[in-house]
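Source file final31.cif; content: mmCIF, C-alpha atoms.
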```cif
data_input
#
loop_
_atom_site.label_atom_id
_atom_site.label_comp_id
_atom_site.auth_asym_id
_atom_site.auth_seq_id
_atom_site.Cartn_x
_atom_site.Cartn_y
_atom_site.Cartn_z
CA ALA A 1 94.15 91.80 142.81
CA ALA A 2 94.79 95.23 144.34
CA ALA A 3 96.95 96.11 141.38
CA ALA A 4 94.21 95.33 138.85
CA PRO A 5 92.40 98.72 139.06
CA ALA A 6 95.70 100.56 138.68
CA GLN A 7 96.60 98.42 135.67
CA ARG A 8 93.22 99.08 134.09
CA ALA A 9 93.65 102.82 134.68
CA LEU A 10 97.08 102.74 133.06
CA ALA A 11 95.69 100.80 130.10
CA GLN A 12 92.86 103.31 129.66
CA ARG A 13 95.31 106.20 129.83
CA ALA A 14 97.57 104.52 127.28
CA GLY A 15 94.55 103.99 125.05
CA CYS A 16 93.66 107.67 125.25
CA PHE A 17 97.21 108.66 124.34
CA ALA A 18 97.15 106.25 121.41
CA VAL A 19 93.87 107.71 120.14
CA ALA A 20 95.20 111.27 120.44
CA ALA A 21 98.44 110.34 118.66
CA ALA A 22 96.57 108.62 115.83
CA ALA A 23 94.25 111.60 115.45
CA ALA A 24 97.18 114.00 115.35
CA ARG A 25 98.94 111.95 112.66
CA TYR A 26 95.74 111.73 110.63
CA ALA A 27 95.00 115.44 110.92
CA ALA A 28 98.53 116.43 110.00
CA VAL A 29 98.38 114.43 106.79
CA ASP A 30 94.81 114.82 105.71
CA ARG A 31 93.51 118.26 106.58
CA GLY A 32 93.35 121.05 104.07
CA PHE A 33 92.08 124.45 103.08
CA ILE A 34 90.65 124.98 99.59
CA PRO A 35 90.62 128.63 98.52
CA TYR A 36 87.91 130.18 96.38
CA PRO A 37 86.93 129.41 93.60
CA HIS A 38 87.33 125.81 94.84
CA ALA A 39 88.65 124.68 91.48
CA ARG A 40 90.17 121.44 92.77
CA LEU A 41 87.73 119.72 95.08
CA PRO A 42 88.77 116.20 96.16
CA ALA A 43 87.30 113.30 94.24
CA GLY A 44 84.33 111.48 95.72
CA ARG A 45 80.62 110.81 95.35
CA CYS A 46 79.06 112.21 98.52
CA ALA A 47 79.64 115.48 100.36
CA VAL A 48 78.30 116.74 103.68
CA PHE A 49 78.19 120.47 104.38
CA ALA A 50 77.21 121.38 107.92
CA ALA A 51 76.30 124.79 109.35
CA SER A 52 73.79 126.27 111.76
CA PHE A 53 72.10 128.18 108.89
CA ASN A 54 70.91 130.69 111.47
CA PRO A 55 69.82 132.07 109.00
CA PRO A 56 71.14 130.76 105.67
CA HIS A 57 72.79 133.35 103.43
CA LEU A 58 74.53 133.88 100.10
CA GLY A 59 77.80 132.42 101.36
CA HIS A 60 76.10 129.17 102.36
CA LEU A 61 74.27 128.90 99.05
CA GLY A 62 77.41 129.50 97.03
CA ILE A 63 79.20 126.62 98.74
CA ILE A 64 76.28 124.23 98.34
CA LYS A 65 75.96 125.05 94.65
CA ARG A 66 79.67 124.37 94.12
CA LEU A 67 79.45 121.04 95.93
CA ALA A 68 76.36 120.09 93.90
CA ASP A 69 78.35 120.72 90.72
CA GLU A 70 81.05 118.31 91.86
CA TYR A 71 79.36 115.54 93.85
CA GLU A 72 76.58 113.12 93.01
CA HIS A 73 75.11 113.32 96.52
CA VAL A 74 75.15 116.42 98.72
CA HIS A 75 73.73 116.69 102.23
CA ALA A 76 73.21 120.15 103.72
CA VAL A 77 73.09 119.58 107.47
CA VAL A 78 71.36 122.03 109.79
CA SER A 79 73.48 121.43 112.89
CA VAL A 80 71.90 121.78 116.32
CA ASN A 81 73.99 122.32 119.43
CA PRO A 82 71.90 121.07 122.39
CA GLY A 83 73.62 123.55 124.67
CA LYS A 84 72.74 126.57 122.53
CA ARG A 85 69.49 128.50 122.12
CA TYR A 86 68.38 129.50 118.64
CA PRO A 87 65.90 132.26 117.75
CA VAL A 88 64.34 130.08 115.03
CA SER A 89 63.64 126.34 115.20
CA ALA A 90 65.84 123.87 113.36
CA GLU A 91 62.89 122.72 111.27
CA ASP A 92 62.12 126.29 110.14
CA ARG A 93 65.77 126.77 109.23
CA ARG A 94 65.74 123.48 107.32
CA ALA A 95 62.65 124.55 105.39
CA LEU A 96 64.24 127.90 104.56
CA VAL A 97 67.41 126.26 103.23
CA ALA A 98 65.35 123.80 101.19
CA ALA A 99 63.26 126.63 99.69
CA MET A 100 66.39 128.58 98.73
CA LEU A 101 67.90 125.51 97.07
CA ALA A 102 64.67 124.74 95.23
CA ALA A 103 64.69 128.28 93.84
CA GLU A 104 68.15 127.52 92.44
CA GLY A 105 67.00 124.22 90.91
CA LEU A 106 68.89 122.17 93.50
CA GLU A 107 66.06 120.05 94.87
CA ARG A 108 68.31 116.98 94.77
CA VAL A 109 70.42 118.37 97.62
CA LYS A 110 69.12 116.71 100.78
CA VAL A 111 68.59 119.12 103.68
CA VAL A 112 68.46 117.48 107.10
CA VAL A 113 68.49 118.48 110.76
CA HIS A 114 71.05 116.77 112.97
CA GLY A 115 71.58 117.24 116.67
CA GLY A 116 74.42 114.80 117.22
CA TYR A 117 77.99 114.58 116.04
CA VAL A 118 78.02 115.44 112.35
CA TRP A 119 80.77 112.88 111.65
CA ARG A 120 78.35 110.13 112.67
CA LEU A 121 75.79 111.35 110.13
CA ALA A 122 78.55 111.59 107.54
CA HIS A 123 79.42 107.93 108.07
CA GLU A 124 75.74 106.93 107.89
CA VAL A 125 75.29 108.55 104.47
CA GLY A 126 78.63 107.33 103.11
CA ALA A 127 80.21 110.76 102.76
CA SER A 128 83.61 111.06 101.12
CA TYR A 129 84.28 114.43 102.76
CA LEU A 130 82.94 116.83 105.35
CA PHE A 131 82.97 120.47 104.28
CA ARG A 132 82.87 123.71 106.24
CA GLY A 133 82.92 127.29 105.03
CA ILE A 134 85.48 129.77 106.32
CA ARG A 135 85.37 133.55 105.80
CA SER A 136 88.91 134.24 107.02
CA TRP A 137 91.44 132.60 109.31
CA ALA A 138 91.18 135.49 111.74
CA GLU A 139 87.40 135.21 112.09
CA ASP A 140 86.75 131.50 111.73
CA GLY A 141 90.08 129.68 111.77
CA PRO A 142 90.43 128.63 115.44
CA ALA A 143 86.81 127.49 115.77
CA GLU A 144 86.93 125.53 112.53
CA ARG A 145 90.18 123.81 113.49
CA ARG A 146 88.57 122.73 116.78
CA LEU A 147 85.62 121.25 114.88
CA GLU A 148 88.01 119.55 112.48
CA ALA A 149 89.85 118.01 115.43
CA LEU A 150 86.54 116.75 116.86
CA ASN A 151 85.63 115.21 113.50
CA THR A 152 89.01 113.49 113.49
CA ILE A 153 89.21 112.32 117.09
CA GLY A 154 85.52 111.53 117.55
CA PRO A 155 85.32 108.29 115.55
CA LEU A 156 88.49 107.04 117.24
CA ALA A 157 87.57 107.98 120.80
CA LEU A 158 83.76 107.74 120.89
CA GLY A 159 83.07 105.09 118.31
CA PRO A 160 82.07 103.36 116.25
CA LEU A 161 85.79 102.91 115.60
CA VAL A 162 86.07 103.87 111.94
CA ARG A 163 88.50 105.85 109.85
CA PRO A 164 87.72 109.58 110.23
CA ILE A 165 86.17 111.27 107.23
CA PRO A 166 88.42 114.14 106.11
CA THR A 167 87.25 117.70 106.70
CA ARG A 168 87.89 120.35 104.07
CA LEU A 169 87.59 124.08 104.70
CA LEU A 170 86.29 126.10 101.76
CA GLY A 171 87.40 129.71 101.50
CA ALA A 172 84.69 132.32 101.06
CA ASP A 173 83.78 133.94 97.78
CA PRO A 174 85.29 137.45 98.19
CA ARG A 175 81.90 138.94 97.36
CA TYR A 176 80.43 137.29 100.45
CA ALA A 177 83.40 137.20 102.81
CA HIS A 178 81.71 139.81 105.02
CA VAL A 179 78.41 137.91 105.16
CA SER A 180 77.47 135.94 108.25
CA SER A 181 74.32 134.79 110.00
CA SER A 182 75.09 137.08 112.92
CA LEU A 183 75.36 140.05 110.54
CA ILE A 184 71.87 139.29 109.21
CA ARG A 185 70.43 139.08 112.73
CA THR A 186 72.14 142.35 113.70
CA THR A 187 70.88 144.04 110.53
CA LEU A 188 67.33 142.92 111.29
CA ALA A 189 67.63 144.11 114.87
CA ARG A 190 68.25 147.60 113.44
CA GLY A 191 65.12 147.27 111.31
CA ASP A 192 67.16 147.38 108.11
CA HIS A 193 65.19 145.10 105.80
CA ALA A 194 66.84 146.56 102.70
CA GLY A 195 70.23 145.59 104.11
CA VAL A 196 69.10 141.99 104.57
CA ALA A 197 68.14 141.76 100.88
CA ALA A 198 71.82 142.14 99.98
CA LEU A 199 72.84 139.21 102.21
CA VAL A 200 70.38 136.47 101.23
CA PRO A 201 69.28 134.99 97.90
CA GLU A 202 67.00 137.15 95.79
CA GLY A 203 63.38 136.96 96.88
CA PHE A 204 64.07 135.64 100.39
CA ALA A 205 64.58 138.81 102.42
CA HIS A 206 60.92 138.80 103.50
CA SER A 207 61.00 135.13 104.49
CA VAL A 208 64.10 135.67 106.61
CA SER A 209 62.64 138.81 108.18
CA LYS A 210 59.38 137.05 108.96
CA LEU A 211 61.22 134.32 110.87
CA TYR A 212 63.86 136.40 112.61
CA ALA A 213 62.06 139.71 113.14
CA PRO A 214 58.30 138.96 113.03
CA ASP A 215 57.43 142.23 114.75
CA LEU A 216 59.12 144.20 111.99
CA SER A 217 58.04 142.20 108.94
#
```

So, in terms of structure tokens, how does the structure I just supplied come out?
Amino acid sequence: AAAAPAQRALAQRAGCFAVAAAAARYAAVDRGFIPYPHARLPAGRCAVFAASFNPPHLGHLGIIKRLADEYEHVHAVVSVNPGKRYPVSAEDRRALVAAMLAAEGLERVKVVVHGGYVWRLAHEVGASYLFRGIRSWAEDGPAERRLEALNTIGPLALGPLVRPIPTRLLGADPRYAHVSSSLIRTTLARGDHAGVAALVPEGFAHSVSKLYAPDLS
């Protein structure tokens, strides 16, 4: 009887090693980077694109438009990290993304807020692939690979035990490779509203400024 706890501990440890090994094999085979202009997206019906959209910008919109051209169902997910503070609420960010998409005639793209693991939402909606944008390997590579690993290991380790949905990293349009949400916030902090207009879809500089720099708008 005294050996039972030790045996259970060994079994749990073996299980963890098995999960990690399976995740590593899966990731090695099924992960991939797709350079701009994303000419060969993988076949499927449903795509999930997750980002903080803090705020949304031209790079985000370009990726969503490309996914909408390829997939019957596209979900743009406003991700919320419970351990992080945001200057603008998730619902306001969702509304801003939805307005930008509507202006492009992409009302069929579903914009949702999600505070949990995005791979769980992807399974709920029947996604074929998870997509993330990447400006360059130097800037975004390590962080995106960590998220990819979480999307791979999560379903195996945390359940429900299902086959991980592959993550694909989409290279940035060279025109927008310098654009980031943090750049927009920094530009607004300098009071440069004209600079913001070059980073967000046409007609939305004021909306972004009103949310992120209300004292200056």

*Could you tell me how far CA of Ser180 in chain A lies from CA of Tyr212 in chain A, in Å and to one decimal?*
14.3 Å

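For the structure in this document, the set picked by the PyMOL selection byres ((chain A and resi 77) around 7) is A:Phe49, A:Ala50, A:Ala51, A:His75, A:Ala76, A:Val78, A:Ser79, A:Val111, A:Val112, A:Val113, A:His114.
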
Restricting it to C-alpha atoms, dump the selection as a PDB file, in the coordinates of the input.
```pdb
ATOM      1  CA  PHE A  49      78.190 120.470 104.380  1.00  0.00           C
ATOM      2  CA  ALA A  50      77.210 121.380 107.920  1.00  0.00           C
ATOM      3  CA  ALA A  51      76.300 124.790 109.350  1.00  0.00           C
ATOM      4  CA  HIS A  75      73.730 116.690 102.230  1.00  0.00           C
ATOM      5  CA  ALA A  76      73.210 120.150 103.720  1.00  0.00           C
ATOM      6  CA  VAL A  78      71.360 122.030 109.790  1.00  0.00           C
ATOM      7  CA  SER A  79      73.480 121.430 112.890  1.00  0.00           C
ATOM      8  CA  VAL A 111      68.590 119.120 103.680  1.00  0.00           C
ATOM      9  CA  VAL A 112      68.460 117.480 107.100  1.00  0.00           C
ATOM     10  CA  VAL A 113      68.490 118.480 110.760  1.00  0.00           C
ATOM     11  CA  HIS A 114      71.050 116.770 112.970  1.00  0.00           C
TER      12      HIS A 114
END
```

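Only residues having an atom at most 10 Å from (81.4, 125.8, 99.0) are included; using only C-alpha atoms, these are Ile34, Pro35, Tyr36, Pro37, His38, Leu41, Phe49, Gly59, His60, Leu61, Gly62, Ile63, Ile64, Lys65, Arg66, Leu67, Ala68, Phe131, Arg132, Gly133, Ile134, Arg168, Leu169, Leu170, Gly171, Ala172 and Asp173 of chain A.
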
Could you build a table of the residues in range 25-90 of chain A lying no more than 9 Å from range 184-204 of chain A, giving for each the nearest pair of atoms and their separation in Å rounded to one decimal place, using only C-alpha atoms, ordered by chain and ascending residue number, as JSON lines?
```
{"residue": "A:Asn54", "atom": "CA", "partner": "A:Arg185", "partner_atom": "CA", "distance": 8.5}
{"residue": "A:Pro55", "atom": "CA", "partner": "A:Ile184", "partner_atom": "CA", "distance": 7.5}
{"residue": "A:Pro56", "atom": "CA", "partner": "A:Val200", "partner_atom": "CA", "distance": 7.3}
{"residue": "A:His57", "atom": "CA", "partner": "A:Val200", "partner_atom": "CA", "distance": 4.5}
{"residue": "A:Leu58", "atom": "CA", "partner": "A:Val200", "partner_atom": "CA", "distance": 5.0}
{"residue": "A:Gly59", "atom": "CA", "partner": "A:Leu199", "partner_atom": "CA", "distance": 8.5}
{"residue": "A:Leu61", "atom": "CA", "partner": "A:Pro201", "partner_atom": "CA", "distance": 8.0}
```

*Atom pair CA of Val80 in chain A / CA of Asn151 in chain A: separation (Å)*: 15.5 Å

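The space separating CA of Cys46 in chain A from CA of Pro166 in chain A comes to 12.2 Å.
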
Missing atoms in range 204-217 of chain A need filling: write out N, CA, C and O atoms for it as a PDB file, in the coordinates of the input.
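part_12.pdb, written as the output of this step:
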```
ATOM      1  N   PHE A 204      64.205 136.290  99.082  1.00  0.00           N
ATOM      2  CA  PHE A 204      64.070 135.640 100.390  1.00  0.00           C
ATOM      3  C   PHE A 204      64.250 136.585 101.577  1.00  0.00           C
ATOM      4  O   PHE A 204      64.211 136.138 102.720  1.00  0.00           O
ATOM      5  N   ALA A 205      64.415 137.869 101.315  1.00  0.00           N
ATOM      6  CA  ALA A 205      64.580 138.810 102.420  1.00  0.00           C
ATOM      7  C   ALA A 205      63.334 138.823 103.311  1.00  0.00           C
ATOM      8  O   ALA A 205      63.438 138.854 104.550  1.00  0.00           O
ATOM      9  N   HIS A 206      62.153 138.774 102.705  1.00  0.00           N
ATOM     10  CA  HIS A 206      60.920 138.800 103.500  1.00  0.00           C
ATOM     11  C   HIS A 206      60.784 137.532 104.331  1.00  0.00           C
ATOM     12  O   HIS A 206      60.382 137.601 105.510  1.00  0.00           O
ATOM     13  N   SER A 207      61.108 136.392 103.749  1.00  0.00           N
ATOM     14  CA  SER A 207      61.000 135.130 104.490  1.00  0.00           C
ATOM     15  C   SER A 207      61.925 135.125 105.693  1.00  0.00           C
ATOM     16  O   SER A 207      61.546 134.678 106.783  1.00  0.00           O
ATOM     17  N   VAL A 208      63.155 135.616 105.505  1.00  0.00           N
ATOM     18  CA  VAL A 208      64.100 135.670 106.610  1.00  0.00           C
ATOM     19  C   VAL A 208      63.618 136.652 107.673  1.00  0.00           C
ATOM     20  O   VAL A 208      63.657 136.362 108.878  1.00  0.00           O
ATOM     21  N   SER A 209      63.133 137.812 107.229  1.00  0.00           N
ATOM     22  CA  SER A 209      62.640 138.810 108.180  1.00  0.00           C
ATOM     23  C   SER A 209      61.436 138.298 108.965  1.00  0.00           C
ATOM     24  O   SER A 209      61.323 138.537 110.177  1.00  0.00           O
ATOM     25  N   LYS A 210      60.584 137.569 108.298  1.00  0.00           N
ATOM     26  CA  LYS A 210      59.380 137.050 108.960  1.00  0.00           C
ATOM     27  C   LYS A 210      59.742 136.066 110.070  1.00  0.00           C
ATOM     28  O   LYS A 210      59.093 136.030 111.114  1.00  0.00           O
ATOM     29  N   LEU A 211      60.798 135.297 109.844  1.00  0.00           N
ATOM     30  CA  LEU A 211      61.220 134.320 110.870  1.00  0.00           C
ATOM     31  C   LEU A 211      62.015 134.959 112.000  1.00  0.00           C
ATOM     32  O   LEU A 211      61.826 134.630 113.159  1.00  0.00           O
ATOM     33  N   TYR A 212      62.907 135.885 111.636  1.00  0.00           N
ATOM     34  CA  TYR A 212      63.860 136.400 112.610  1.00  0.00           C
ATOM     35  C   TYR A 212      63.457 137.740 113.219  1.00  0.00           C
ATOM     36  O   TYR A 212      64.006 138.136 114.261  1.00  0.00           O
ATOM     37  N   ALA A 213      62.526 138.438 112.589  1.00  0.00           N
ATOM     38  CA  ALA A 213      62.060 139.710 113.140  1.00  0.00           C
ATOM     39  C   ALA A 213      60.569 139.850 112.840  1.00  0.00           C
ATOM     40  O   ALA A 213      60.163 140.752 112.108  1.00  0.00           O
ATOM     41  N   PRO A 214      59.734 138.951 113.366  1.00  0.00           N
ATOM     42  CA  PRO A 214      58.300 138.960 113.030  1.00  0.00           C
ATOM     43  C   PRO A 214      57.600 140.261 113.370  1.00  0.00           C
ATOM     44  O   PRO A 214      56.622 140.635 112.704  1.00  0.00           O
ATOM     45  N   ASP A 215      58.070 140.976 114.373  1.00  0.00           N
ATOM     46  CA  ASP A 215      57.430 142.230 114.750  1.00  0.00           C
ATOM     47  C   ASP A 215      57.705 143.347 113.762  1.00  0.00           C
ATOM     48  O   ASP A 215      56.998 144.368 113.755  1.00  0.00           O
ATOM     49  N   LEU A 216      58.749 143.150 112.944  1.00  0.00           N
ATOM     50  CA  LEU A 216      59.120 144.200 111.990  1.00  0.00           C
ATOM     51  C   LEU A 216      58.692 143.884 110.571  1.00  0.00           C
ATOM     52  O   LEU A 216      58.693 144.754 109.723  1.00  0.00           O
ATOM     53  N   SER A 217      58.353 142.620 110.318  1.00  0.00           N
ATOM     54  CA  SER A 217      58.040 142.200 108.940  1.00  0.00           C
ATOM     55  C   SER A 217      56.609 142.576 108.569  1.00  0.00           C
ATOM     56  O   SER A 217      55.777 142.863 109.407  1.00  0.00           O
TER      57      SER A 217
END
```
